[in-house]
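*Asks:* Coordinates in input_9.txt, compact mmCIF, C-alpha atoms and all ligand atoms, are listed below.
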# COMPACT_ATOMS: atom_id res chain seq x y z
CA MET A 1 101.50 99.87 98.88
CA THR A 2 102.60 99.83 95.31
CA ALA A 3 102.22 96.70 93.27
CA VAL A 4 105.23 94.46 93.26
CA ALA A 5 106.92 92.43 90.63
CA GLU A 6 108.24 89.96 93.16
CA SER A 7 109.23 87.58 90.42
CA THR A 8 112.96 87.59 91.13
CA VAL A 9 113.94 84.86 93.50
CA HIS A 10 117.07 85.93 95.27
CA ASP A 11 119.81 83.40 95.71
CA THR A 12 120.52 83.50 99.42
CA SER A 13 122.48 80.24 99.57
CA GLN A 14 125.75 82.08 100.18
CA ILE A 15 124.59 83.33 103.58
CA PRO A 16 126.13 81.11 106.28
CA ALA A 17 123.42 79.30 108.22
CA PRO A 18 124.65 78.57 111.73
CA GLU A 19 123.30 75.67 113.73
CA GLY A 20 119.84 76.31 115.13
CA SER A 21 118.96 78.89 112.53
CA LEU A 22 115.60 79.01 110.83
CA THR A 23 114.51 80.63 107.61
CA VAL A 24 112.68 83.94 107.74
CA THR A 25 111.48 86.14 104.92
CA VAL A 26 112.78 89.67 104.98
CA LYS A 27 110.63 91.93 102.86
CA ILE A 28 112.43 95.16 102.12
CA GLN A 29 111.14 98.29 100.47
CA ARG A 30 113.71 99.00 97.76
CA PHE A 31 114.17 102.16 95.78
CA ASN A 32 116.99 103.10 93.46
CA PRO A 33 116.51 106.67 92.22
CA GLU A 34 118.61 105.95 89.12
CA ILE A 35 116.36 103.14 87.91
CA ASP A 36 113.02 103.15 89.74
CA ASP A 37 110.16 105.60 89.48
CA GLU A 38 108.76 104.47 92.77
CA PRO A 39 109.63 102.13 95.61
CA HIS A 40 108.84 98.43 95.39
CA TRP A 41 109.10 95.45 97.72
CA GLU A 42 111.62 92.64 97.44
CA SER A 43 111.66 89.50 99.55
CA TYR A 44 114.67 87.54 100.73
CA ASP A 45 114.50 84.16 102.44
CA VAL A 46 117.40 84.22 104.83
CA PRO A 47 118.70 82.06 107.67
CA ALA A 48 118.38 83.68 111.07
CA LEU A 49 119.07 82.82 114.66
CA PRO A 50 116.43 83.87 117.17
CA THR A 51 119.16 85.94 118.87
CA ASP A 52 120.06 87.77 115.66
CA ARG A 53 119.16 91.40 115.34
CA VAL A 54 117.34 92.61 112.25
CA LEU A 55 120.51 94.50 111.42
CA ASN A 56 122.38 91.17 111.10
CA LEU A 57 119.89 90.01 108.49
CA LEU A 58 120.26 93.23 106.54
CA MET A 59 124.05 93.00 106.70
CA ASN A 60 123.91 89.41 105.44
CA ILE A 61 121.70 90.40 102.53
CA LYS A 62 124.05 93.24 101.69
CA ASN A 63 127.20 91.13 102.02
CA TYR A 64 126.04 87.92 100.34
CA VAL A 65 123.07 88.70 98.11
CA ASP A 66 122.87 92.27 96.90
CA GLY A 67 125.64 94.73 97.62
CA THR A 68 123.52 97.63 96.43
CA LEU A 69 121.14 97.39 99.39
CA SER A 70 121.58 100.73 101.15
CA PHE A 71 120.96 101.66 104.75
CA ARG A 72 122.75 103.55 107.49
CA ARG A 73 124.36 101.90 110.43
CA SER A 74 127.39 102.61 112.46
CA CYS A 75 127.66 101.42 116.05
CA ALA A 76 125.28 98.45 115.77
CA HIS A 77 124.64 98.79 119.51
CA GLY A 78 121.88 101.35 119.80
CA ILE A 79 124.19 104.26 120.50
CA CYS A 80 124.67 106.25 117.31
CA GLY A 81 121.05 106.42 116.19
CA SER A 82 121.75 105.90 112.50
CA ASP A 83 119.67 102.83 111.66
CA ALA A 84 116.13 103.95 112.39
CA MET A 85 113.69 102.18 110.07
CA GLN A 86 110.14 100.93 109.97
CA ILE A 87 110.25 97.28 111.05
CA ASN A 88 106.90 95.49 110.78
CA GLY A 89 105.29 98.91 110.58
CA ILE A 90 106.82 100.48 113.66
CA ASN A 91 109.86 102.71 113.92
CA ARG A 92 112.75 100.92 115.53
CA LEU A 93 116.53 100.76 115.44
CA ALA A 94 117.42 97.69 113.38
CA CYS A 95 120.28 96.99 115.78
CA LYS A 96 117.95 96.77 118.78
CA VAL A 97 115.24 94.46 117.43
CA LEU A 98 115.79 90.73 117.94
CA VAL A 99 114.46 88.17 115.50
CA LYS A 100 112.96 86.11 118.33
CA ASP A 101 110.56 88.96 119.11
CA LEU A 102 109.28 88.94 115.54
CA LEU A 103 108.77 85.21 115.02
CA ALA A 104 105.39 84.10 113.75
CA LYS A 105 103.30 81.57 115.65
CA LYS A 106 104.44 77.94 115.53
CA GLY A 107 104.63 76.51 112.06
CA LYS A 108 103.97 79.75 110.23
CA GLN A 109 106.56 81.40 108.03
CA THR A 110 107.96 84.56 109.62
CA THR A 111 107.97 87.65 107.46
CA ILE A 112 109.79 90.76 108.61
CA THR A 113 108.97 93.89 106.66
CA VAL A 114 111.53 96.66 106.59
CA ALA A 115 110.81 100.10 105.13
CA PRO A 116 112.44 103.52 105.44
CA ILE A 117 111.10 105.89 108.09
CA LYS A 118 108.29 108.13 106.87
CA GLY A 119 108.06 111.89 106.59
CA LEU A 120 111.61 112.38 105.34
CA PRO A 121 112.52 112.05 101.65
CA THR A 122 113.76 108.57 100.72
CA MET A 123 117.10 108.81 98.92
CA LYS A 124 117.73 105.13 98.29
CA ASP A 125 116.33 101.92 99.80
CA LEU A 126 116.25 102.49 103.58
CA TYR A 127 118.27 105.65 103.40
CA VAL A 128 116.44 108.94 103.98
CA ASP A 129 117.48 112.57 103.79
CA MET A 130 117.89 113.63 107.43
CA GLU A 131 118.48 117.29 106.63
CA PRO A 132 114.93 118.55 107.41
CA PHE A 133 115.16 116.70 110.72
CA PHE A 134 118.45 118.32 111.69
CA GLU A 135 117.29 121.70 110.46
CA ALA A 136 114.48 121.59 113.03
CA TYR A 137 116.98 120.39 115.63
CA ARG A 138 119.34 123.30 114.99
CA ALA A 139 116.44 125.76 115.07
CA VAL A 140 115.87 125.21 118.80
CA LYS A 141 119.49 126.15 119.71
CA PRO A 142 120.47 122.82 121.24
CA TYR A 143 123.56 124.05 123.10
CA LEU A 144 124.27 125.77 126.39
CA ILE A 145 123.76 129.53 126.26
CA ALA A 146 124.96 131.65 129.17
CA TYR A 147 125.29 135.41 129.33
CA GLY A 148 127.58 137.54 131.43
CA ASN A 149 131.19 136.84 132.28
CA GLU A 150 132.75 133.44 131.91
CA PRO A 151 132.77 131.79 135.31
CA THR A 152 136.15 130.96 136.79
CA ARG A 153 134.83 127.72 138.26
CA GLU A 154 132.70 124.87 137.03
CA ARG A 155 128.99 125.67 136.72
CA ILE A 156 127.67 123.79 139.71
CA GLN A 157 124.26 122.14 139.61
CA SER A 158 122.40 120.26 142.31
CA ALA A 159 121.43 116.64 141.78
CA ALA A 160 117.77 117.65 141.83
CA ASP A 161 118.33 120.29 139.15
CA ARG A 162 120.13 117.73 137.03
CA GLU A 163 117.31 115.26 137.49
CA ARG A 164 114.84 117.77 136.07
CA PHE A 165 115.96 117.18 132.48
CA ASP A 166 117.63 113.80 132.84
CA ASP A 167 115.18 111.98 130.61
CA THR A 168 115.75 114.23 127.61
CA THR A 169 119.55 114.00 127.78
CA LYS A 170 119.24 110.43 126.54
CA CYS A 171 118.25 111.37 123.00
CA ILE A 172 120.47 109.95 120.24
CA LEU A 173 118.79 111.87 117.41
CA CYS A 174 117.66 108.76 115.61
CA ALA A 175 114.43 110.37 114.29
CA CYS A 176 112.26 107.38 115.26
CA CYS A 177 109.94 109.77 117.08
CA THR A 178 109.71 112.58 114.54
CA SER A 179 109.15 110.18 111.66
CA SER A 180 106.33 108.45 113.57
CA CYS A 181 104.44 111.68 114.24
CA PRO A 182 101.29 112.08 112.12
CA VAL A 183 101.48 115.85 112.40
CA TYR A 184 105.02 115.78 111.04
CA TRP A 185 104.00 113.57 108.09
CA ALA A 186 101.06 115.67 107.13
CA ASP A 187 102.39 119.14 107.50
CA GLY A 188 106.13 119.18 107.24
CA SER A 189 106.58 122.51 108.97
CA TYR A 190 106.14 121.15 112.51
CA PHE A 191 109.42 121.03 114.43
CA GLY A 192 108.72 117.45 115.41
CA PRO A 193 109.16 115.74 118.78
CA ALA A 194 112.94 115.24 118.59
CA ALA A 195 113.61 118.98 118.29
CA ILE A 196 111.30 119.64 121.24
CA VAL A 197 113.01 116.94 123.31
CA ASN A 198 116.36 118.61 122.70
CA ALA A 199 114.95 122.03 123.47
CA HIS A 200 113.53 120.59 126.70
CA ARG A 201 117.00 119.35 127.62
CA PHE A 202 118.26 122.96 127.78
CA ILE A 203 115.08 124.80 128.76
CA PHE A 204 115.00 122.94 132.06
CA ASP A 205 118.77 123.06 132.64
CA SER A 206 119.44 125.40 135.56
CA ARG A 207 122.80 126.44 134.04
CA ASP A 208 121.26 127.61 130.81
CA GLU A 209 120.00 131.15 130.40
CA ALA A 210 118.21 131.06 127.07
CA SER A 211 115.02 129.24 128.06
CA GLU A 212 112.96 132.24 127.02
CA GLU A 213 114.45 132.26 123.53
CA ARG A 214 113.76 128.59 123.01
CA LEU A 215 110.25 128.87 124.45
CA ASP A 216 109.60 131.71 122.03
CA ILE A 217 110.67 129.54 119.15
CA LEU A 218 108.48 126.65 120.28
CA ASN A 219 105.52 128.97 120.88
CA ASP A 220 105.28 129.71 117.17
CA ALA A 221 102.89 128.15 114.71
CA GLU A 222 105.29 125.26 113.99
CA GLY A 223 105.92 124.64 117.68
CA VAL A 224 104.51 122.61 120.54
CA TRP A 225 100.88 123.60 120.00
CA ARG A 226 100.72 121.44 116.91
CA CYS A 227 101.22 118.31 119.01
CA ARG A 228 98.02 116.27 119.32
CA THR A 229 99.23 114.12 122.20
CA THR A 230 98.89 110.87 120.26
CA PHE A 231 101.93 109.31 121.96
CA ASN A 232 103.30 107.81 118.72
CA CYS A 233 106.64 109.39 119.54
CA THR A 234 106.83 107.95 123.04
CA ASP A 235 106.03 104.51 121.66
CA ALA A 236 108.73 104.81 119.05
CA CYS A 237 111.64 106.11 121.10
CA PRO A 238 114.32 103.43 121.39
CA ARG A 239 115.78 105.20 124.40
CA GLY A 240 112.51 105.05 126.32
CA ILE A 241 112.29 108.82 126.60
CA GLN A 242 108.86 110.08 127.70
CA VAL A 243 108.68 112.28 124.62
CA THR A 244 105.06 113.36 124.88
CA LYS A 245 105.55 114.17 128.55
CA ALA A 246 108.50 116.40 127.68
CA ILE A 247 106.35 118.19 125.12
CA GLN A 248 103.61 118.68 127.70
CA GLU A 249 106.15 120.13 130.11
CA VAL A 250 107.18 122.66 127.51
CA LYS A 251 103.52 123.54 126.93
CA ARG A 252 103.06 123.98 130.66
CA ALA A 253 106.13 126.22 130.88
CA LEU A 254 104.68 128.41 128.13
CA LEU A 255 101.23 128.44 129.66
CA PHE A 256 102.28 129.40 133.18
CA LYS A 257 105.39 131.35 132.11
CA ARG A 258 107.43 129.31 134.50
CA VAL A 259 110.27 126.90 133.91
CA MET B 1 119.07 146.62 114.05
CA ALA B 2 117.06 143.55 114.95
CA ASP B 3 120.35 141.74 115.13
CA SER B 4 121.20 143.35 118.44
CA THR B 5 119.73 140.35 120.25
CA SER B 6 122.18 137.82 118.87
CA ALA B 7 125.12 140.19 119.21
CA LEU B 8 124.16 140.92 122.80
CA ALA B 9 126.36 138.27 124.33
CA LEU B 10 129.48 139.79 122.81
CA ASP B 11 128.57 143.47 122.90
CA LYS B 12 127.68 143.77 126.53
CA PRO B 13 129.04 140.86 128.48
CA ARG B 14 127.60 142.09 131.75
CA SER B 15 124.13 142.74 130.47
CA PRO B 16 121.33 140.59 131.83
CA ARG B 17 119.77 137.83 129.83
CA ARG B 18 117.80 138.67 126.75
CA PRO B 19 114.39 140.05 127.63
CA ALA B 20 111.40 137.89 126.86
CA ALA B 21 109.75 138.74 123.60
CA ARG B 22 106.70 136.58 123.27
CA ARG B 23 105.90 137.70 119.79
CA ASN B 24 102.74 135.87 119.12
CA ASN B 25 100.67 133.91 121.55
CA PHE B 26 97.89 133.08 119.10
CA GLU B 27 98.62 129.35 118.99
CA LEU B 28 98.85 129.25 122.77
CA TYR B 29 95.52 130.98 123.28
CA SER B 30 93.76 128.89 120.68
CA TRP B 31 95.12 125.78 122.39
CA VAL B 32 93.81 126.96 125.78
CA PHE B 33 90.51 127.98 124.21
CA MET B 34 90.08 124.50 122.76
CA ARG B 35 90.47 122.84 126.19
CA ILE B 36 88.11 125.24 127.99
CA SER B 37 85.44 125.43 125.30
CA GLY B 38 85.61 121.66 124.98
CA LEU B 39 84.81 121.25 128.65
CA ALA B 40 82.04 123.83 128.53
CA LEU B 41 80.53 122.20 125.45
CA VAL B 42 80.36 118.81 127.15
CA VAL B 43 78.00 120.33 129.71
CA LEU B 44 76.10 122.57 127.29
CA VAL B 45 75.58 120.04 124.52
CA LEU B 46 74.77 117.08 126.77
CA GLY B 47 72.32 119.28 128.69
CA HIS B 48 70.79 120.44 125.44
CA LEU B 49 70.44 116.91 124.09
CA PHE B 50 68.91 115.75 127.34
CA ILE B 51 66.30 118.48 127.41
CA MET B 52 65.45 118.19 123.73
CA ASN B 53 65.40 114.43 123.33
CA ILE B 54 64.80 112.75 126.65
CA LEU B 55 63.07 114.98 129.18
CA ASP B 56 59.26 114.70 129.23
CA GLY B 57 58.42 113.18 125.91
CA GLY B 58 61.55 114.34 124.11
CA VAL B 59 61.35 115.60 120.56
CA HIS B 60 57.61 115.05 120.23
CA ARG B 61 56.75 118.03 122.37
CA ILE B 62 59.01 120.44 120.48
CA ASN B 63 57.03 123.00 118.53
CA PHE B 64 56.98 126.73 118.03
CA ALA B 65 55.40 127.36 121.40
CA PHE B 66 58.02 125.25 123.13
CA VAL B 67 60.87 127.23 121.57
CA ALA B 68 59.09 130.50 122.23
CA GLY B 69 58.59 129.52 125.84
CA ARG B 70 62.23 128.64 126.30
CA TRP B 71 63.57 131.77 124.70
CA SER B 72 61.41 133.98 126.83
CA SER B 73 63.88 133.23 129.60
CA PRO B 74 67.28 134.97 129.42
CA PHE B 75 68.84 131.86 130.92
CA TRP B 76 68.00 129.69 127.91
CA GLN B 77 68.85 132.49 125.54
CA PHE B 78 72.26 132.67 127.13
CA TRP B 79 72.63 128.88 127.08
CA ASP B 80 71.84 128.61 123.39
CA LEU B 81 73.91 131.63 122.51
CA SER B 82 77.01 130.36 124.27
CA MET B 83 76.49 126.93 122.76
CA LEU B 84 76.31 128.49 119.32
CA TRP B 85 79.44 130.59 119.75
CA LEU B 86 81.53 127.98 121.48
CA ALA B 87 80.58 125.23 119.05
CA GLN B 88 81.30 127.43 116.05
CA LEU B 89 84.65 128.65 117.33
CA HIS B 90 85.71 125.28 118.70
CA GLY B 91 84.74 123.42 115.55
CA GLY B 92 86.08 126.18 113.32
CA ASN B 93 89.44 126.20 115.04
CA GLY B 94 89.59 122.42 114.82
CA LEU B 95 88.89 122.53 111.11
CA ARG B 96 91.46 125.30 110.69
CA THR B 97 94.09 123.00 112.19
CA ILE B 98 93.00 120.11 110.00
CA ILE B 99 93.17 122.29 106.90
CA ASP B 100 96.64 123.46 107.94
CA ASP B 101 97.71 119.85 108.32
CA TYR B 102 96.26 118.32 105.21
CA ALA B 103 96.13 120.99 102.53
CA ARG B 104 99.17 120.47 100.35
CA LYS B 105 99.15 123.72 98.38
CA ASP B 106 99.02 127.23 99.79
CA ASN B 107 96.23 128.03 97.38
CA THR B 108 94.04 125.16 98.52
CA ARG B 109 94.77 126.05 102.10
CA PHE B 110 93.78 129.68 101.56
CA TRP B 111 90.49 128.95 99.81
CA LEU B 112 89.46 126.18 102.18
CA LYS B 113 90.07 128.53 105.07
CA MET B 114 88.10 131.32 103.42
CA LEU B 115 85.20 128.95 102.89
CA LEU B 116 85.43 127.92 106.53
CA TYR B 117 85.55 131.49 107.84
CA VAL B 118 82.63 132.60 105.68
CA ALA B 119 80.54 129.61 106.78
CA MET B 120 81.39 130.32 110.40
CA ALA B 121 80.52 133.99 110.09
CA VAL B 122 77.21 133.33 108.37
CA ILE B 123 76.10 130.79 110.95
CA LEU B 124 77.23 132.94 113.87
CA VAL B 125 75.48 136.06 112.62
CA LEU B 126 72.31 134.22 111.67
CA GLY B 127 72.15 132.29 114.92
CA THR B 128 72.85 135.31 117.08
CA LEU B 129 70.26 137.32 115.20
CA VAL B 130 67.61 134.68 115.75
CA VAL B 131 68.34 134.31 119.45
CA PHE B 132 68.13 138.06 120.04
CA THR B 133 65.35 139.11 117.70
CA PHE B 134 63.10 136.11 118.13
CA ASP B 135 59.51 137.32 118.20
CA PRO B 136 57.11 134.94 119.93
CA ASP B 137 54.10 136.87 118.66
CA ILE B 138 54.29 135.86 115.03
CA PRO B 139 51.47 133.41 114.49
CA ALA B 140 52.59 129.82 114.45
CA SER B 141 51.43 128.36 111.19
S1 LIG A 301 102.50 113.12 120.85
FE1 LIG A 301 102.74 114.98 119.62
S2 LIG A 301 104.82 114.96 118.86
FE2 LIG A 301 104.36 112.89 119.61
S3 LIG A 301 103.68 111.77 117.77
FE3 LIG A 301 101.87 112.62 118.76
S4 LIG A 301 101.51 114.61 117.78
FE4 LIG A 301 103.60 113.97 117.29
S1 LIG A 302 113.67 111.34 121.40
FE1 LIG A 302 114.05 109.13 121.19
S2 LIG A 302 113.14 108.60 119.19
FE2 LIG A 302 113.38 110.80 119.23
S3 LIG A 302 115.33 111.19 118.24
FE3 LIG A 302 115.70 111.11 120.46
S4 LIG A 302 116.24 108.99 120.87
FE4 LIG A 302 115.33 109.02 118.83
S1 LIG A 303 123.67 101.25 114.33
FE1 LIG A 303 124.01 102.76 115.86
S2 LIG A 303 122.05 102.84 116.76
FE2 LIG A 303 121.81 101.17 115.44
Please re-express this file's structure in structure tokens.
*Replies:*
Amino acid sequence: MTAVAESTVHDTSQIPAPEGSLTVTVKIQRFNPEIDDEPHWESYDVPALPTDRVLNLLMNIKNYVDGTLSFRRSCAHGICGSDAMQINGINRLACKVLVKDLLAKKGKQTTITVAPIKGLPTMKDLYVDMEPFFEAYRAVKPYLIAYGNEPTRERIQSAADRERFDDTTKCILCACCTSSCPVYWADGSYFGPAAIVNAHRFIFDSRDEASEERLDILNDAEGVWRCRTTFNCTDACPRGIQVTKAIQEVKRALLFKRV
Amino acid sequence: MADSTSALALDKPRSPRRPAARRNNFELYSWVFMRISGLALVVLVLGHLFIMNILDGGVHRINFAFVAGRWSSPFWQFWDLSMLWLAQLHGGNGLRTIIDDYARKDNTRFWLKMLLYVAMAVILVLGTLVVFTFDPDIPAS
């Protein structure tokens, strides 16, 4: 990483320290495009309860130490998928990681490093441009497509047919997977696992009639064949989706021309 | 025009779903080829290494006569030939993917690939030529 002028000691005394809290160091990769040429690290010694989430620490730093710290968050409960970041080197939602799981061994000072997710352009601090990610998402037509006349009744589906794509309906588009994929980092034209997960969700939906179209799209040079089965995406997914498995199922559907 | 596919849903509501148009299966076939050639190479290369390095005295017995003796049999000719072709294509395709991944500029990518393809072609032609035109009667020096 780039050399750091970590000279500034941040005054964190304003942060309320509840009973039972301990001090942890939060090391954040900061970048302000109006001032900095490149990102640098800044450390904050903050009080934290073992039951705090990393998001709480970030909010405290923003509210009491430096209001310019930028990151996305909305629901704070692992639903909206906006606060994906690299925490201690792995992609996680800041609102789903507890401090107690990151504590150093007895007596050692705990340091939590927080950096923006990789592979997408960093706009400011932990805030990345998600547009390339959503562009790939839109490219796979992630909506129900049905031809012929509108049905007069609900489109019925058996429980077994629903089960077929259940896993991939859980995606919250947080980009943890895509931004952990080495193929996505290196190349940039790969659709990335999240787009394939969302294509999978409709390809294997018995009510949908555009599987062929989506398979065609994923059969191209930027599609599923770029995946190297490294499982980074499965490890990263905060929803526990078997991402690599979904990708393999799409490969199999292409290979045997069967959905 | 080519747009007829996307307009299909509105134009002809009763028409069946859009016909499959698998435009280009190159990536699919190269993916399948990598799995199959990989498996074949495990057998071919391990067999080759075993014969050349371990079986009766290993490398020390390899000389012109040994090679000449082996290549007098079509079986070994075929073995070596398929090893040559599979290894070249398997390795070449692997390198092609790596170049696609890591080359940042289109220019670099193009020239690296050209270099790769030329190297592959030279080795394939040379190797094939030797396997087929090998003449055991030239005096071993
Ligand atoms: S399994 Fe495939 S999609 Fe997932 S991180 Fe690895 S290469 Fe990327
Ligand atoms: S598959 Fe998982 S990691 Fe990827 S975008 Fe969806 S929820 Fe996030
Ligand atoms: S803030 Fe919504 S998922 Fe973390």
*Asks:* Quick one: residues within 6 Å of ligand LIG 301 (chain A), with only C-alpha atoms and all ligand atoms, as a list in words?
*Replies:*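 The distance check yields Ser180, Cys181, Pro182, Val183, Gly192, Pro193, Cys227, Arg228, Thr229, Thr230, Phe231, Asn232, Cys233 and Thr244 of chain A.
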*Asks:* Give me, as a list of chain:residue names, the set of residues whose atoms come within 8 Å of any atom of ligand LIG 302 (chain A), counting only C-alpha atoms and all ligand atoms.
*Replies:* A:Gly81, A:Thr168, A:Lys170, A:Cys171, A:Ile172, A:Leu173, A:Cys174, A:Ala175, A:Cys176, A:Cys177, A:Thr178, A:Pro193, A:Ala194, A:Ala195, A:Val197, A:Asn198, A:Cys233, A:Thr234, A:Ala236, A:Cys237, A:Pro238, A:Arg239, A:Gly240, A:Ile241, A:Val243
*Asks:* Would you name the residues within 7 Å of ligand LIG 303 (chain A), counting all atoms listed in the file, and put them as a list in words?
*Replies:* Arg73, Ser74, Cys75, Ala76, His77, Gly78, Ile79, Cys80, Gly81, Ser82, Asp83, Leu93, Ala94, Cys95 and Lys96 of chain A
*Asks:* Of the candidates A:Thr110, A:Ala136, A:Asn91, A:Thr23, which shows the shortest atom-to-atom distance to Gly223 in chain A, using all atoms listed in the file?
*Replies:*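 Selected residue with least distance to Gly223 in chain A: A:Ala136.
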*Asks:* Enter the distance from CA of Pro116 in chain A to CA of Tyr143 in chain A, in Å, rounded to one decimal.
*Replies:*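 Computing it gives 29.3 Å between the two atoms.
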*Asks:* Find the nearest atom pair between each residue of chain A and chain B for residues within 7 Å, count only C-alpha atoms, give distances in Å to one decimal, sort rows by chain and ascending number, and present the table as a tab-separated table.
*Replies:*
residue	atom	partner	partner_atom	distance
A:Tyr147	CA	B:Ala9	CA	5.9
A:Gly148	CA	B:Arg14	CA	4.6
A:Asn149	CA	B:Pro13	CA	5.9
A:Val183	CA	B:Asp101	CA	6.8
A:Ala186	CA	B:Asp101	CA	5.5
A:Asp187	CA	B:Asp101	CA	4.8
A:Glu209	CA	B:Arg17	CA	6.7
A:Glu212	CA	B:Ala20	CA	5.9
A:Asp216	CA	B:Arg22	CA	5.8
A:Asn219	CA	B:Leu28	CA	6.9
A:Asp220	CA	B:Glu27	CA	6.9
A:Ala221	CA	B:Glu27	CA	6.2
A:Trp225	CA	B:Glu27	CA	6.3
*Asks:* Enter the distance from CA of Tyr64 in chain A to CA of Thr12 in chain A, in Å, rounded to one decimal.
*Replies:*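 CA of Thr12 in chain A lies 7.1 Å from CA of Tyr64 in chain A.
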*Asks:* Neighbours of range 118-130 of chain B within 12 Å (all atoms listed in the file; same-chain residues fewer than 5 positions away dropped), as number ranges by chain?
*Replies:* B: 67-68, 71, 77-93, 95-96, 111-113, 135-136
*Asks:* Report the distance between CA of Asp37 in chain A and CA of Ala115 in chain A in Å, rounded to one decimal place.
*Replies:* 16.6 Å
*Asks:* Do you know which residues are at most 12 Å from Asp137 in chain B counting all atoms listed in the file, after dropping those on the same chain fewer than 4 positions away, and could you put them as a PyMOL selection string?
*Replies:* chain B and resi 64-65+68-69+72+133+141
*Asks:* If we count all atoms listed in the file and set the cut-off at 10 Å, which residues sit around Arg61 in chain B, ignoring sequence neighbours fewer than 6 positions away in its own chain? Please answer as a PDB file with C-alpha atoms, keeping the file's coordinate frame.
*Replies:*
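In the end it all went to result_21.pdb:
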ATOM      1  CA  MET B  52      65.450 118.190 123.730  1.00  0.00           C
ATOM      2  CA  ASN B  53      65.400 114.430 123.330  1.00  0.00           C
ATOM      3  CA  LEU B  55      63.070 114.980 129.180  1.00  0.00           C
TER       4      LEU B  55
END
*Asks:* If you count only C-alpha atoms, which residues fall within 7 Å of range 47-63 of chain A, apart from same-chain ones fewer than 2 positions away, as a list in words?
*Replies:*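 Non-adjacent residues within range: Ile15, Ala17, Gly20, Ser21, Leu22, Thr23, Val24, Val65, Asp66, Gly67, Thr68, Leu69, Ala94, Cys95, Lys96, Val97, Leu98, Val99 and Lys100 of chain A.
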*Asks:* Counting only C-alpha atoms, what is within 9 Å of Leu215 in chain A, bar same-chain residues fewer than 3 positions away, as a PyMOL selection string?
*Replies:* (chain A and resi 140+199+203+210-212+218-220+250-251+253-254) or (chain B and resi 22)
*Asks:* Taking all atoms listed in the file into account, which of A:Ser158, A:Asn32, A:Gln109, A:Gln86 comes nearest Arg207 in chain A?
*Replies:*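 Looking at the shortest contact to Arg207 in chain A, the residue is A:Ser158.
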